[in-house]
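Chemist: Got a file for you: final25.tsv, TSV, C-alpha atoms.
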```tsv
chain	number	residue	atom	x	y	z
D	1	MET	CA	-2.25	-5.58	-6.39
D	2	PRO	CA	-4.10	-6.46	-9.60
D	3	TYR	CA	-6.96	-4.43	-10.99
D	4	LEU	CA	-9.41	-5.40	-13.69
D	5	ALA	CA	-9.81	-2.55	-16.17
D	6	LEU	CA	-12.45	-2.58	-18.88
D	7	ASP	CA	-13.99	-0.28	-21.45
D	8	THR	CA	-17.01	-0.74	-23.72
D	9	SER	CA	-17.32	2.74	-25.17
D	10	GLY	CA	-16.53	1.37	-28.63
D	11	GLY	CA	-15.68	-2.29	-28.82
D	12	ILE	CA	-14.52	-4.25	-25.78
D	13	ALA	CA	-11.12	-3.76	-24.15
D	14	VAL	CA	-10.14	-5.61	-20.96
D	15	ALA	CA	-6.87	-5.92	-19.05
D	16	VAL	CA	-5.49	-7.09	-15.74
D	17	VAL	CA	-3.17	-4.34	-14.54
D	18	ASP	CA	-0.95	-4.13	-11.47
D	19	ASP	CA	-0.88	-0.85	-9.57
D	20	ASP	CA	2.62	-0.22	-10.93
D	21	GLY	CA	1.18	-0.08	-14.44
D	22	SER	CA	2.42	-3.46	-15.65
D	23	VAL	CA	-0.10	-5.44	-17.69
D	24	ALA	CA	-0.53	-9.12	-16.83
D	25	ALA	CA	-2.97	-9.83	-19.66
D	26	ARG	CA	-5.18	-7.97	-22.08
D	27	ALA	CA	-7.76	-8.62	-24.77
D	28	ALA	CA	-9.72	-6.49	-27.22
D	29	ASP	CA	-12.68	-7.03	-29.51
D	30	THR	CA	-13.36	-4.12	-31.83
D	31	GLN	CA	-16.85	-5.26	-32.84
D	32	PRO	CA	-19.20	-2.46	-31.73
D	33	ARG	CA	-22.17	-4.69	-30.87
D	34	GLN	CA	-23.24	-7.50	-28.50
D	35	HIS	CA	-21.22	-6.14	-25.59
D	36	ALA	CA	-23.42	-7.85	-23.01
D	37	GLU	CA	-22.86	-11.27	-24.56
D	38	ARG	CA	-19.14	-10.93	-25.24
D	39	LEU	CA	-17.86	-9.04	-22.22
D	40	ALA	CA	-18.09	-11.77	-19.54
D	41	PRO	CA	-16.19	-14.40	-21.60
D	42	CYS	CA	-13.55	-11.79	-22.40
D	43	ILE	CA	-13.08	-10.99	-18.70
D	44	ALA	CA	-12.85	-14.69	-17.82
D	45	ALA	CA	-10.23	-15.27	-20.52
D	46	VAL	CA	-8.09	-12.33	-19.39
D	47	LEU	CA	-8.20	-13.39	-15.74
D	48	ALA	CA	-7.23	-16.94	-16.71
D	49	GLU	CA	-4.34	-15.75	-18.87
D	50	ALA	CA	-3.08	-13.54	-16.05
D	51	GLY	CA	-3.39	-16.38	-13.54
D	52	VAL	CA	-5.55	-14.15	-11.35
D	53	GLY	CA	-8.73	-15.22	-9.63
D	54	ALA	CA	-11.59	-12.77	-9.33
D	55	GLY	CA	-11.10	-12.84	-5.57
D	56	ASP	CA	-7.51	-11.62	-6.00
D	57	LEU	CA	-8.59	-8.31	-7.52
D	58	ASP	CA	-8.10	-5.12	-5.51
D	59	GLY	CA	-10.52	-3.11	-7.61
D	60	VAL	CA	-12.29	-2.63	-10.92
D	61	VAL	CA	-11.70	0.29	-13.28
D	62	VAL	CA	-14.27	1.13	-15.95
D	63	GLY	CA	-14.52	3.64	-18.78
D	64	THR	CA	-17.53	5.93	-18.52
D	65	GLY	CA	-17.68	7.15	-22.11
D	66	PRO	CA	-18.90	9.23	-23.79
D	67	ALA	CA	-20.49	6.60	-26.00
D	68	GLN	CA	-23.71	5.06	-27.21
D	69	PHE	CA	-26.17	3.93	-24.56
D	70	THR	CA	-26.24	0.14	-24.98
D	71	GLY	CA	-22.54	-0.68	-25.13
D	72	LEU	CA	-21.55	1.72	-22.39
D	73	ARG	CA	-24.26	0.45	-20.07
D	74	ALA	CA	-23.02	-3.14	-20.44
D	75	GLY	CA	-19.56	-2.23	-19.21
D	76	LEU	CA	-20.74	-0.09	-16.32
D	77	VAL	CA	-23.27	-2.63	-15.08
D	78	THR	CA	-20.69	-5.42	-15.28
D	79	ALA	CA	-18.06	-3.39	-13.42
D	80	ARG	CA	-20.44	-2.35	-10.66
D	81	THR	CA	-21.84	-5.85	-10.22
D	82	LEU	CA	-18.42	-7.48	-10.09
D	83	ALA	CA	-17.05	-4.91	-7.65
D	84	ARG	CA	-20.06	-5.30	-5.36
D	85	ALA	CA	-19.82	-9.08	-5.40
D	86	LEU	CA	-16.09	-8.95	-4.58
D	87	GLU	CA	-16.47	-6.06	-2.12
D	88	VAL	CA	-13.78	-4.03	-3.85
D	89	PRO	CA	-13.89	-0.43	-5.10
D	90	VAL	CA	-14.98	0.46	-8.62
D	91	LEU	CA	-13.31	3.49	-10.19
D	92	GLY	CA	-14.84	5.28	-13.16
D	93	VAL	CA	-12.82	7.33	-15.64
D	94	PRO	CA	-13.87	8.97	-18.93
D	95	SER	CA	-12.84	6.66	-21.75
D	96	PHE	CA	-11.41	9.63	-23.65
D	97	ALA	CA	-8.85	10.18	-20.89
D	98	ALA	CA	-7.22	6.83	-21.65
D	99	THR	CA	-7.02	7.56	-25.38
D	100	ALA	CA	-5.64	11.03	-24.70
D	101	LEU	CA	-2.97	9.73	-22.31
D	102	VAL	CA	-1.65	7.24	-24.86
D	103	ALA	CA	-1.63	9.89	-27.60
D	104	LEU	CA	0.09	12.55	-25.52
D	105	GLU	CA	2.90	10.17	-24.61
D	106	THR	CA	3.86	10.14	-28.31
D	107	LEU	CA	3.66	13.93	-28.81
D	108	ASP	CA	5.86	16.88	-27.90
D	109	GLU	CA	5.72	18.46	-24.46
D	110	GLY	CA	2.98	21.07	-24.28
D	111	SER	CA	0.81	19.40	-26.90
D	112	GLN	CA	-2.93	19.11	-26.48
D	113	VAL	CA	-5.22	16.57	-28.10
D	114	VAL	CA	-8.87	16.51	-29.04
D	115	VAL	CA	-10.25	12.97	-28.81
D	116	VAL	CA	-13.09	12.32	-31.24
D	117	THR	CA	-15.42	9.35	-31.76
D	118	ASP	CA	-18.43	8.83	-33.99
D	119	ALA	CA	-21.69	9.70	-32.21
D	120	ARG	CA	-23.83	8.86	-35.26
D	121	ARG	CA	-26.62	11.18	-36.46
D	122	HIS	CA	-23.86	13.08	-38.33
D	123	GLU	CA	-22.32	14.11	-34.98
D	124	VAL	CA	-19.20	13.28	-32.98
D	125	TYR	CA	-18.28	13.07	-29.32
D	126	TRP	CA	-15.22	15.12	-28.43
D	127	ALA	CA	-13.08	16.32	-25.52
D	128	ARG	CA	-9.81	18.23	-25.27
D	129	TYR	CA	-6.96	17.09	-23.00
D	130	ALA	CA	-3.53	18.23	-21.83
D	131	ARG	CA	-0.83	16.69	-19.67
D	132	ASP	CA	-1.01	17.19	-15.93
D	133	ASP	CA	2.02	16.73	-13.66
D	134	ARG	CA	-0.12	15.62	-10.73
D	135	LEU	CA	-2.93	13.62	-12.35
D	136	ARG	CA	-1.12	12.58	-15.56
D	137	ILE	CA	-3.87	14.14	-17.70
D	138	ARG	CA	-6.66	16.70	-17.44
D	139	ALA	CA	-9.63	17.73	-19.52
D	140	VAL	CA	-9.46	21.36	-20.64
D	141	ASP	CA	-12.67	21.44	-22.69
D	142	GLY	CA	-15.66	19.15	-23.12
D	143	PRO	CA	-16.78	16.46	-23.30
D	144	GLY	CA	-19.44	17.39	-25.78
D	145	VAL	CA	-21.38	16.20	-28.80
D	146	ALA	CA	-21.44	18.31	-31.95
D	147	ALA	CA	-21.38	18.35	-35.72
D	148	PRO	CA	-17.82	17.70	-36.95
D	149	VAL	CA	-17.45	21.26	-38.25
D	150	ASP	CA	-18.26	22.63	-34.79
D	151	VAL	CA	-15.57	20.74	-32.85
D	152	PRO	CA	-13.03	23.25	-31.39
D	153	THR	CA	-9.73	21.90	-32.70
D	154	HIS	CA	-7.49	24.98	-32.84
D	155	GLY	CA	-3.95	24.24	-31.67
D	156	ALA	CA	-4.66	20.59	-30.87
D	157	VAL	CA	-3.88	17.21	-32.44
D	158	LEU	CA	-6.90	15.13	-33.42
D	159	VAL	CA	-6.96	11.54	-32.15
D	160	GLY	CA	-9.47	8.71	-32.00
D	161	ARG	CA	-11.56	6.84	-34.54
D	162	GLY	CA	-13.84	9.79	-35.15
D	163	ALA	CA	-10.98	12.17	-35.92
D	164	PRO	CA	-11.11	11.67	-39.72
D	165	LEU	CA	-14.71	12.88	-39.62
D	166	VAL	CA	-13.38	16.26	-38.48
D	167	ALA	CA	-10.13	16.62	-40.47
D	168	PRO	CA	-7.33	14.51	-42.00
D	169	THR	CA	-5.47	12.74	-39.19
D	170	ASP	CA	-2.36	10.61	-38.79
D	171	ASP	CA	-3.41	6.97	-39.28
D	172	HIS	CA	-1.84	5.85	-36.01
D	173	LEU	CA	-3.59	8.52	-33.95
D	174	ALA	CA	-6.87	7.93	-35.77
D	175	GLY	CA	-6.69	4.25	-34.84
D	176	LEU	CA	-6.42	4.77	-31.09
D	177	ASP	CA	-9.07	3.21	-28.87
D	178	PRO	CA	-9.36	3.54	-25.07
D	179	ASP	CA	-6.54	1.48	-23.57
D	180	PRO	CA	-7.57	-0.26	-20.32
D	181	ALA	CA	-4.04	-0.03	-18.90
D	182	ALA	CA	-4.05	3.74	-19.45
D	183	LEU	CA	-7.54	3.85	-17.95
D	184	CYS	CA	-6.17	2.19	-14.82
D	185	THR	CA	-3.22	4.61	-14.69
D	186	VAL	CA	-5.55	7.61	-14.73
D	187	ALA	CA	-7.95	6.06	-12.22
D	188	LEU	CA	-5.24	5.32	-9.67
D	189	ALA	CA	-3.73	8.78	-10.05
D	190	LEU	CA	-7.13	10.34	-9.39
D	191	ARG	CA	-7.73	8.08	-6.39
D	192	ASP	CA	-4.29	8.71	-4.90
D	193	HIS	CA	-4.86	12.48	-5.05
D	194	GLY	CA	-8.34	12.33	-3.57
D	195	GLU	CA	-10.10	13.18	-6.82
D	196	PRO	CA	-13.54	11.72	-7.60
D	197	THR	CA	-13.86	8.65	-9.83
D	198	PRO	CA	-17.63	8.49	-10.44
D	199	CYS	CA	-19.16	5.64	-12.40
D	200	GLU	CA	-21.90	7.73	-13.97
D	201	PRO	CA	-22.15	7.21	-17.74
D	202	LEU	CA	-21.36	10.06	-20.11
D	203	TYR	CA	-24.17	9.56	-22.61
D	204	LEU	CA	-24.33	13.31	-23.45
D	205	ARG	CA	-27.68	12.83	-25.14
D	206	ARG	CA	-30.73	10.62	-24.86
D	207	PRO	CA	-30.66	7.09	-26.35
D	208	ASP	CA	-32.04	6.54	-29.85
D	209	ALA	CA	-34.72	4.16	-28.56
D	210	VAL	CA	-37.31	5.82	-26.33
D	211	PRO	CA	-40.62	4.51	-24.94
D	212	PRO	CA	-43.77	5.63	-26.72
D	213	ALA	CA	-45.48	8.69	-25.34
D	214	GLN	CA	-48.05	7.95	-22.71
D	215	VAL	CA	-51.53	7.95	-24.14
D	216	ALA	CA	-53.65	10.61	-22.51
D	217	GLN	CA	-56.60	9.33	-20.61
D	218	VAL	CA	-59.93	10.04	-22.18
D	219	ARG	CA	-62.45	11.55	-19.89
D	220	GLN	CA	-65.58	9.55	-19.47
```
As structure tokens, please, write out the structure in this file.
Modeler:
Amino acid sequence: MPYLALDTSGGIAVAVVDDDGSVAARAADTQPRQHAERLAPCIAAVLAEAGVGAGDLDGVVVGTGPAQFTGLRAGLVTARTLARALEVPVLGVPSFAATALVALETLDEGSQVVVVTDARRHEVYWARYARDDRLRIRAVDGPGVAAPVDVPTHGAVLVGRGAPLVAPTDDHLAGLDPDPAALCTVALALRDHGEPTPCEPLYLRRPDAVPPAQVAQVRQ
């Protein structure tokens, strides 16, 4: 039962994952731009490597952020369109959950992590996670967007590419990006326990580009 899992909250990460967690193929492109142009070829390459046709997919899993508007939108639109065309479910999961799951698997029992990415404008996106016996992982605070000095980090391990903006961080943990296989693991756990998997984007703030204000009509 293969699933296509993808995330565009930073660069591009795509994988074909069986429901037992095994990865048939994966690809990643860490460039943070041109998601719309690069995502479709990346998906096609991963499907070909896995020997899976689009019609063989049982569902699509997509990361919902938080992230910048343009890149995140490209992934969500692609996932929804593909799922609709194939008549399969699309499952949305916060991208931070995948990063947190990978990090927590390397840490001691009882640890918590704060995932951090660069939100620009001298701010970061953040969310705090802990292990969960039923759902594999759960958010205990956030997500939010804040100045680095305002991120609540007490008692937690910082992970993610924005972590060094908050405090010195282990290089391995600071290099973690959302893993599509972990994203699929979380999505299927949520689905199997009847939890929601919405595909609404976590922008957390308005996009940088906004339409000009409407010019007021001048009375004749």
Chemist: Tell me, in Å to one decimal, how far CA of Val16 (chain D) is from CA of Ala45 (chain D).
Modeler: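 Result for CA of Val16 (chain D) versus CA of Ala45 (chain D): 10.6 Å, one decimal.
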Chemist: Using only C-alpha atoms, determine which residues lie at most 10 Å from Gly53 (chain D), disregarding the query and same-chain residues fewer than 6 positions distant; provide the list as a ChimeraX atom specification.
Modeler: /D:2,44,47
Chemist: Can you measure CA of Arg138 (chain D) to CA of Val14 (chain D) for me? One decimal in Å is fine.
Modeler: 22.9 Å
Chemist: Of the residues D:Val115, D:Ile43, D:Leu76, D:Val90, which is the one nearest to Val60 (chain D), using only C-alpha atoms?
Modeler: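 Comparing D:Val115, D:Ile43, D:Leu76, D:Val90 against Val60 (chain D), the winner is D:Val90.
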Chemist: Region 58-148 of chain D near region 169-184 of chain D within 6 Å: what's each residue's closest atom pair and its distance in Å to one decimal, counting all atoms listed in the file, ordered by chain then ascending residue number, as CSV?
Modeler:
```
residue,atom,partner,partner_atom,distance
D:Ser95,CA,D:Pro178,CA,5.7
D:Ala98,CA,D:Leu183,CA,4.8
D:Thr99,CA,D:Pro178,CA,4.7
```
Chemist: Mind pulling up the distance from CA of Val140 (chain D) to CA of Val124 (chain D)?
Modeler: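 Spanning CA of Val124 (chain D) to CA of Val140 (chain D) is a straight-line distance of 17.7 Å.
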Chemist: Using 8 Å of padding on each side, determine the axis-aligned box around all atoms of region 101-111 of chain D present in the file and give its centre and edge lengths in Å to one decimal, as JSON.
Modeler:
```
{"center_x": 1.4, "center_y": 14.2, "center_z": -25.6, "size_x": 24.8, "size_y": 29.8, "size_z": 22.5}
```
Chemist: With distances taken over all atoms listed in the file, which of D:Val149, D:Ala74, D:Val61, D:Ala167 is nearest to Arg191 (chain D)?
Modeler: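 For Arg191 (chain D), the nearest of the candidates is D:Val61.
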Chemist: Could you check which of D:Ala139, D:Leu86, D:Ala15, D:Leu101 is closest to Ala54 (chain D), using all atoms listed in the file?
Modeler: D:Leu86
Chemist: Measuring atom to atom with only C-alpha atoms, identify which of D:Thr153, D:Val145, D:Val17, D:Val93 is nearest to Ala187 (chain D).
Modeler: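 Using only C-alpha atoms, the shortest distance to Ala187 (chain D) belongs to D:Val93.
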Chemist: Could you check which residues have any atom within 9 Å of (-14.5, 13.9, -29.6), counting all atoms listed in the file with coordinates taken straight from the file, and then list them as a ChimeraX atom specification?
Modeler: /D:66,96,114-119,124-128,142-146,148,151,158-160,162-163
Chemist: Residues near Gln68 (chain D), anyone? I mean within 8 Å using only C-alpha atoms, not counting same-chain ones fewer than 4 positions away, as a ChimeraX atom specification.
Modeler: /D:9,72,119,203,207
Chemist: Taking 2 positions as the minimum chain separation for residues in the same chain, which residues sit within 12 Å of Ala85 (chain D) when counting only C-alpha atoms? Answer as a PyMOL selection string.
Modeler: chain D and resi 54-55+57+59-60+78-83+87-90
Chemist: Between D:Glu105, D:Asp18, D:Asp141, D:Asp133, single out the one closest to His193 (chain D), counting only C-alpha atoms.
Modeler: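 Using only C-alpha atoms, the shortest distance to His193 (chain D) belongs to D:Asp133.
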Chemist: For a quick check of understanding, using only C-alpha atoms, which of D:Val52, D:Val46, D:Leu6, D:Ile12 has the smallest distance to Ala25 (chain D)?
Modeler: D:Val46
